[in-house]
Amino acid sequence: MDRPPLIRDDEIFLRMNLAERIQHYLLISTFFLLMITGLPLFFYEFKAFKWFFPTEQVFYVRGIIHRVAAVVLIINLVWHIFYATCTARGRNNFKEMIPKPRDIKDAFELFWHNVGFTRLLYRLGIFKKFFETHPYWLFKDQPLFGRYNFIEKFEYWAVGWGSVVMIVSGFFMWNVELSLRLFPLWVHDVIVMAHGYEALLAFLAVIIWHMYNVHLNPEVFPMSKIWLNGKITGKELRLLHPLEYRKIYEEREKSLSS
Amino acid sequence: MAKSRTALLAAAVLFLFLDLPFLSSQSNDDCLTCHGDSSLKSEAGKSLFVDAEKFQSSGHGRAEVSCVSCHADLAKTKDFPHSSPLKPVACSQCHKTAALEFQRSVHYSAQETGPNTVTVNCQDCHGTHDIRGKADFDSTIFPINLPTTCEKCHLEKVAAKKGPGFIGQYKESVHFKALEKSGLTMSANCSNCHGAHDIKKVSDPLALVARRNIIQTCGLCHVGIQRDYLEGVHGKDYVKGVKDVPVCTDCHSEHDILSPRDLNSTVYTTKVAEVCSRCHDNMILSRQYGFLTSRLKTYNQTFHGTASKFGETRVANCASCHGFHGIRPSSDPKSSINPENLPKTCGKCHPGASRHFAEGQIHVIPEEVVTAKYKSAYLVKNIYIIAIAGIISVFLLFIAADLFRRAIRKIKHG
């Protein structure tokens, strides 16, 4: 007897609810504003960046925008912390975000699966015996990901770490008199240096890593629309987040049998 | 009574006919009989008109100097109209000091060097019949008018070594604005700096604007600044005769000296660093005089320098911390950057600046910092560079592997 599948391929799941999407929008806009008002100062040697702030007035406004964006970023972070601790969905998501040793294994396996070097060796008959007794090292299959894969976890915690560094160092740069009352000048110099390089790291990480994974990756090109409508289909869930798919499947099976 | 009047008349007539030599000189009115005619011209077409009114109000006119006092070769001429041209007027007969000074000037030596060079005479600057003193508003040498007088030749006829517009720049300067706009006649015009009759070339060590004299020349008006300068490091070396030491004009420029508040000034707040670094980032000078380089580079790395580059004027420039005319080395207890004084110096902008300010270094060149912890920022920088390079490489490797696998799959499965 045919019964309808427990998870249809066109079934819609909510991957990002409205609150999560708004947090993401706020993060995007503040990040963008902070970058365009901050990074040119890091690259002060490039004449081209003088175009950004052609006059003293524009430069002054730059400082205001940078600080306003920073405050919004902080508010957003506080909201997110509140959301991740005080709501059931937030807590659950946060639990899924916690890095596990498995994530390192996933990264390792995905990389060598993609490279496929060991499978090439096997086909060429090199170390044939070893691979036959230890098929793991052939990395035949992609690792299976849960709700959040190692890429997403890395990005999430990178934003977390980066925000803390930027907020703390930025606070002391904003209140330079306070900073210099508390610390000697060389500590303040460290703070300024960290603010600049952490920004550069964040910028490159977002431009290269995040942009590839959610925009340029052929799988989602031109863009994954989850950040706009928050929706993911059953099929996408099955392919991209098989462990989460399996979990939902098992839950439904259990409730069906009981 | 009537008798005596007749006698007087008779005597006068007699004198006229006797034509006594001591009374033979022409009066000014005699000259003006012809020269008072505004249409009088020489054969070459040059106007020979003398404006009697102007002459009467001129210095010479008021002193009742007669035409023939200057045009002495006409004093004994009897045939009129007299022959022309007349001999050049010898002003030196009366103006002895000025004439002696003039003989030591570049203008005089130009006369000597030959017929092809531009010659300068008294009248080129002072005019001819309407010569006025320098206190007279209409005088060619009245402070406000003098620059225009000099420019008659120096704008185009005489080439300045520093290029054509060099002389004309003066009219943009704060000195000329003070003259023209504010009517401050004590503001520097050409002769205040270059001298008047004994004007000399800059290359002449006796010139008022020669390097060895410029401090005193500017100090004629800027007395307090001269004192500050001579107390500072630059001034002390200047007195010793060090030729590379900056004098007023090295930082403030020459003819186009502008107010430091003027955006185009060489010492405008965002441009000071460039001026100072001309010497202080110069390897040769630094080796010769034993000071540290990379001052501009290390300044630019700070927020002060970066913001200044973007036109922010509220941040500190070199002078904000080091002072300007009387810059002292940090070892000097009076120096604004002596560790003891740093809280006060930094406190000008950062209220409540504590002694922590002194614990660290502003211009940090990692190779030259003695105290290890002062280099911490560079350690942090290096850690970040390594981390960024590592993390980004890993990202790129993952992306490359991912794209590779997708390409293979596409080939295999279409």
# chains A, B, ... in the order shown; residues from 1 in each chain; ligands from 1

call {"tool": "interface_residues", "arguments": {"of": "chain A", "to": "chain B", "cutoff": "7 Å", "atoms": "only C-alpha atoms", "output": "JSON, numbers by chain"}}
result
{"A": [41, 44, 50, 53, 55, 56, 59, 111, 114, 115, 177, 180, 181, 183, 184, 185, 186, 189, 190, 193, 194, 197, 201, 209]}

call {"tool": "residues_around", "arguments": {"residues": "Ser29 in chain A", "least_positions_apart": "2", "cutoff": "12 Å", "atoms": "only C-alpha atoms", "output": "number ranges by chain"}}
result
A: 22-27, 31-36, 65-66, 68-70, 72-73, 76

call {"tool": "residues_around", "arguments": {"residues": "range 229-231 of chain A", "least_positions_apart": "2", "cutoff": "8 Å", "atoms": "only C-alpha atoms", "output": "ChimeraX atom specification"}}
result
/A:12-18,21,225-227,233

call {"tool": "write_last_selection", "arguments": {"atoms": "C-alpha atoms", "output": "mmCIF file, in the first residue's frame"}}
result
data_model
loop_
_atom_site.group_PDB
_atom_site.id
_atom_site.type_symbol
_atom_site.label_atom_id
_atom_site.label_comp_id
_atom_site.auth_asym_id
_atom_site.auth_seq_id
_atom_site.Cartn_x
_atom_site.Cartn_y
_atom_site.Cartn_z
ATOM 1 C CA ILE A 12 8.230 24.027 2.850
ATOM 2 C CA PHE A 13 10.261 24.281 6.033
ATOM 3 C CA LEU A 14 11.102 27.475 7.855
ATOM 4 C CA ARG A 15 14.873 27.734 8.049
ATOM 5 C CA MET A 16 15.021 31.398 9.113
ATOM 6 C CA ASN A 17 12.031 32.952 10.828
ATOM 7 C CA LEU A 18 11.279 36.661 10.607
ATOM 8 C CA ARG A 21 15.994 37.335 9.054
ATOM 9 C CA LYS A 225 16.872 32.946 -1.245
ATOM 10 C CA ILE A 226 16.657 31.692 2.305
ATOM 11 C CA TRP A 227 17.762 35.063 3.682
ATOM 12 C CA THR A 233 12.136 22.812 0.566
#

call {"tool": "atom_distance", "arguments": {"atom1": "CA of Met186 in chain B", "atom2": "CA of Cys153 in chain B"}}
result
23.8 Å

call {"tool": "atom_distance", "arguments": {"atom1": "CA of Leu296 in chain B", "atom2": "CA of Ala319 in chain B"}}
result
12.7 Å

call {"tool": "residues_around", "arguments": {"residues": "Ser173 in chain B", "least_positions_apart": "3", "cutoff": "7 Å", "atoms": "only C-alpha atoms", "output": "number ranges by chain"}}
result
B: 169-170, 176-177, 255-258

call {"tool": "residues_around", "arguments": {"residues": "range 227-243 of chain B", "least_positions_apart": "5", "cutoff": "12 Å", "atoms": "only C-alpha atoms", "output": "VMD selection string"}}
result
chain B and resid 210 to 216 218 to 222 248 250 to 251 276 279 285 288 to 289 291 322 to 332 334 to 336

call {"tool": "residues_around", "arguments": {"residues": "range 147-153 of chain A", "least_positions_apart": "6", "cutoff": "6 Å", "atoms": "only C-alpha atoms", "output": "number ranges by chain"}}
result
A: 97, 103, 241, 244

call {"tool": "write_last_selection", "arguments": {"atoms": "C-alpha atoms", "output": "compact mmCIF listing (two decimals), in the first residue's frame"}}
result
# COMPACT_ATOMS: atom_id res chain seq x y z
CA MET A 97 25.37 25.84 16.36
CA ASP A 103 32.69 19.39 12.41
CA HIS A 241 21.07 18.96 5.59
CA GLU A 244 18.26 17.28 10.02

call {"tool": "decode", "arguments": {"residues": "range 136-161 of chain B", "atoms": "N, CA and C atoms", "output": "short mmCIF file (atom, residue, chain, number, x, y, z; two decimals), in the first residue's frame"}}
result
data_model
loop_
_atom_site.label_atom_id
_atom_site.label_comp_id
_atom_site.auth_asym_id
_atom_site.auth_seq_id
_atom_site.Cartn_x
_atom_site.Cartn_y
_atom_site.Cartn_z
N ASP B 136 53.09 109.30 1.03
CA ASP B 136 52.04 109.86 0.18
C ASP B 136 51.25 108.74 -0.49
N PHE B 137 49.93 108.78 -0.32
CA PHE B 137 49.07 107.72 -0.88
C PHE B 137 49.31 107.48 -2.36
N ASP B 138 49.67 108.55 -3.08
CA ASP B 138 49.79 108.42 -4.53
C ASP B 138 51.20 108.06 -4.97
N SER B 139 52.08 107.90 -3.99
CA SER B 139 53.46 107.63 -4.34
C SER B 139 53.63 106.23 -4.93
N THR B 140 54.58 106.11 -5.85
CA THR B 140 54.88 104.79 -6.40
C THR B 140 55.47 103.86 -5.35
N ILE B 141 56.02 104.48 -4.30
CA ILE B 141 56.64 103.65 -3.26
C ILE B 141 55.82 103.63 -1.97
N PHE B 142 54.58 104.15 -2.03
CA PHE B 142 53.69 103.99 -0.88
C PHE B 142 53.50 102.48 -0.69
N PRO B 143 53.60 101.98 0.56
CA PRO B 143 53.61 100.53 0.77
C PRO B 143 52.59 99.76 -0.08
N ILE B 144 51.38 100.29 -0.19
CA ILE B 144 50.36 99.54 -0.93
C ILE B 144 50.65 99.56 -2.43
N ASN B 145 51.34 100.62 -2.89
CA ASN B 145 51.59 100.74 -4.33
C ASN B 145 52.91 100.10 -4.76
N LEU B 146 53.80 99.93 -3.82
CA LEU B 146 55.13 99.47 -4.19
C LEU B 146 55.14 98.14 -4.96
N PRO B 147 54.37 97.12 -4.51
CA PRO B 147 54.40 95.87 -5.27
C PRO B 147 54.07 96.07 -6.74
N THR B 148 53.10 96.93 -7.04
CA THR B 148 52.75 97.18 -8.43
C THR B 148 53.91 97.84 -9.16
N THR B 149 54.60 98.74 -8.47
CA THR B 149 55.76 99.40 -9.08
C THR B 149 56.83 98.37 -9.45
N CYS B 150 57.14 97.48 -8.52
CA CYS B 150 58.17 96.47 -8.79
C CYS B 150 57.72 95.52 -9.89
N GLU B 151 56.41 95.23 -9.87
CA GLU B 151 55.89 94.27 -10.86
C GLU B 151 55.98 94.80 -12.29
N LYS B 152 56.11 96.14 -12.44
CA LYS B 152 56.24 96.68 -13.79
C LYS B 152 57.33 95.93 -14.56
N CYS B 153 58.41 95.63 -13.86
CA CYS B 153 59.49 94.88 -14.51
C CYS B 153 59.46 93.40 -14.12
N HIS B 154 59.21 93.15 -12.84
CA HIS B 154 59.49 91.80 -12.34
C HIS B 154 58.41 90.79 -12.65
N LEU B 155 57.29 91.25 -13.20
CA LEU B 155 56.25 90.29 -13.55
C LEU B 155 56.62 89.57 -14.84
N GLU B 156 57.13 90.35 -15.82
CA GLU B 156 57.41 89.72 -17.12
C GLU B 156 58.82 90.01 -17.64
N LYS B 157 59.19 91.28 -17.58
CA LYS B 157 60.46 91.68 -18.21
C LYS B 157 61.65 90.93 -17.64
N VAL B 158 61.65 90.79 -16.32
CA VAL B 158 62.78 90.15 -15.66
C VAL B 158 62.37 88.75 -15.25
N ALA B 159 63.15 87.77 -15.71
CA ALA B 159 62.79 86.39 -15.41
C ALA B 159 63.24 86.03 -14.00
N ALA B 160 62.31 85.47 -13.23
CA ALA B 160 62.69 84.97 -11.91
C ALA B 160 63.19 83.55 -12.06
N LYS B 161 64.22 83.22 -11.27
CA LYS B 161 64.80 81.88 -11.38
C LYS B 161 63.78 80.81 -11.04
#
